[in-house]
Amino acid sequence: MSNIICTWVPGTTDTIRLMTKQKTLKIKLRQVVSLLGQQAVNDLYLRGRFSKVVTPEELEQLLRA
């Protein structure tokens with residue numbers, strides 16, 4: 001299991017910084033919706049960040065995004 005953290009890229013309205021232990025990626029908001037669900041988007045808008053523990057399979061899918 002791995003922990004991921006998503007935050008907004010400063011100055012953008014549709015780009016998310018996805019951080020894992022191994023790397024940091026920039027992905028589009030629409031990818032967050034399809035990969036992590038609406039709750040991730042809600043947390044980003046309301047709290048400015050989203051974190052989740054993911055399985056190795058989920059992490060691999062996210063890193064391919």
# chains A, B, ... in the order shown; residues from 1 in each chain; ligands from 1

call {"tool": "residues_around", "arguments": {"residues": "Arg30 in chain A", "least_positions_apart": "6", "cutoff": "10 Å", "atoms": "only C-alpha atoms", "output": "list in words"}}
result
Asp14, Thr15, Ile16, Leu36, Gly37 and Val41 of chain A

call {"tool": "residues_around", "arguments": {"residues": "Pro56 in chain A", "least_positions_apart": "3", "cutoff": "9 Å", "atoms": "only C-alpha atoms", "output": "PyMOL selection string"}}
result
chain A and resi 1-2+59-61

call {"tool": "residues_around", "arguments": {"residues": "Leu35 in chain A", "least_positions_apart": "3", "cutoff": "10 Å", "atoms": "only C-alpha atoms", "output": "PyMOL selection string"}}
result
chain A and resi 29-32+38+40+58+61-62+65

call {"tool": "select_by_dssp", "arguments": {"residues": "chain A", "states": "helix (DSSP H, G or I)", "output": "PyMOL selection string"}}
result
chain A and resi 29-36+38-47+56-63

call {"tool": "select_by_dssp", "arguments": {"residues": "chain A", "states": "strand (DSSP E or B)", "output": "NGL selection string"}}
result
:A and (2-8 or 15-19 or 24-28 or 49-54)

call {"tool": "closest_residue", "arguments": {"among": "A:Leu25, A:Leu46, A:Val53, A:Val33", "to": "Ile4 in chain A", "atoms": "only C-alpha atoms"}}
result
A:Val53

call {"tool": "atom_distance", "arguments": {"atom1": "CA of Arg47 in chain A", "atom2": "CA of Asn3 in chain A"}}
result
17.6 Å

call {"tool": "atom_distance", "arguments": {"atom1": "CA of Gln22 in chain A", "atom2": "CA of Gln39 in chain A"}}
result
23.9 Å

call {"tool": "closest_residue", "arguments": {"among": "A:Ser34, A:Glu57, A:Tyr45, A:Phe50", "to": "Cys6 in chain A", "atoms": "only C-alpha atoms"}}
result
A:Phe50

call {"tool": "closest_residue", "arguments": {"among": "A:Gly48, A:Met19, A:Asp43, A:Ile27", "to": "Arg64 in chain A", "atoms": "only C-alpha atoms"}}
result
A:Ile27

call {"tool": "atom_distance", "arguments": {"atom1": "CA of Val9 in chain A", "atom2": "CA of Asn42 in chain A"}}
result
16.0 Å
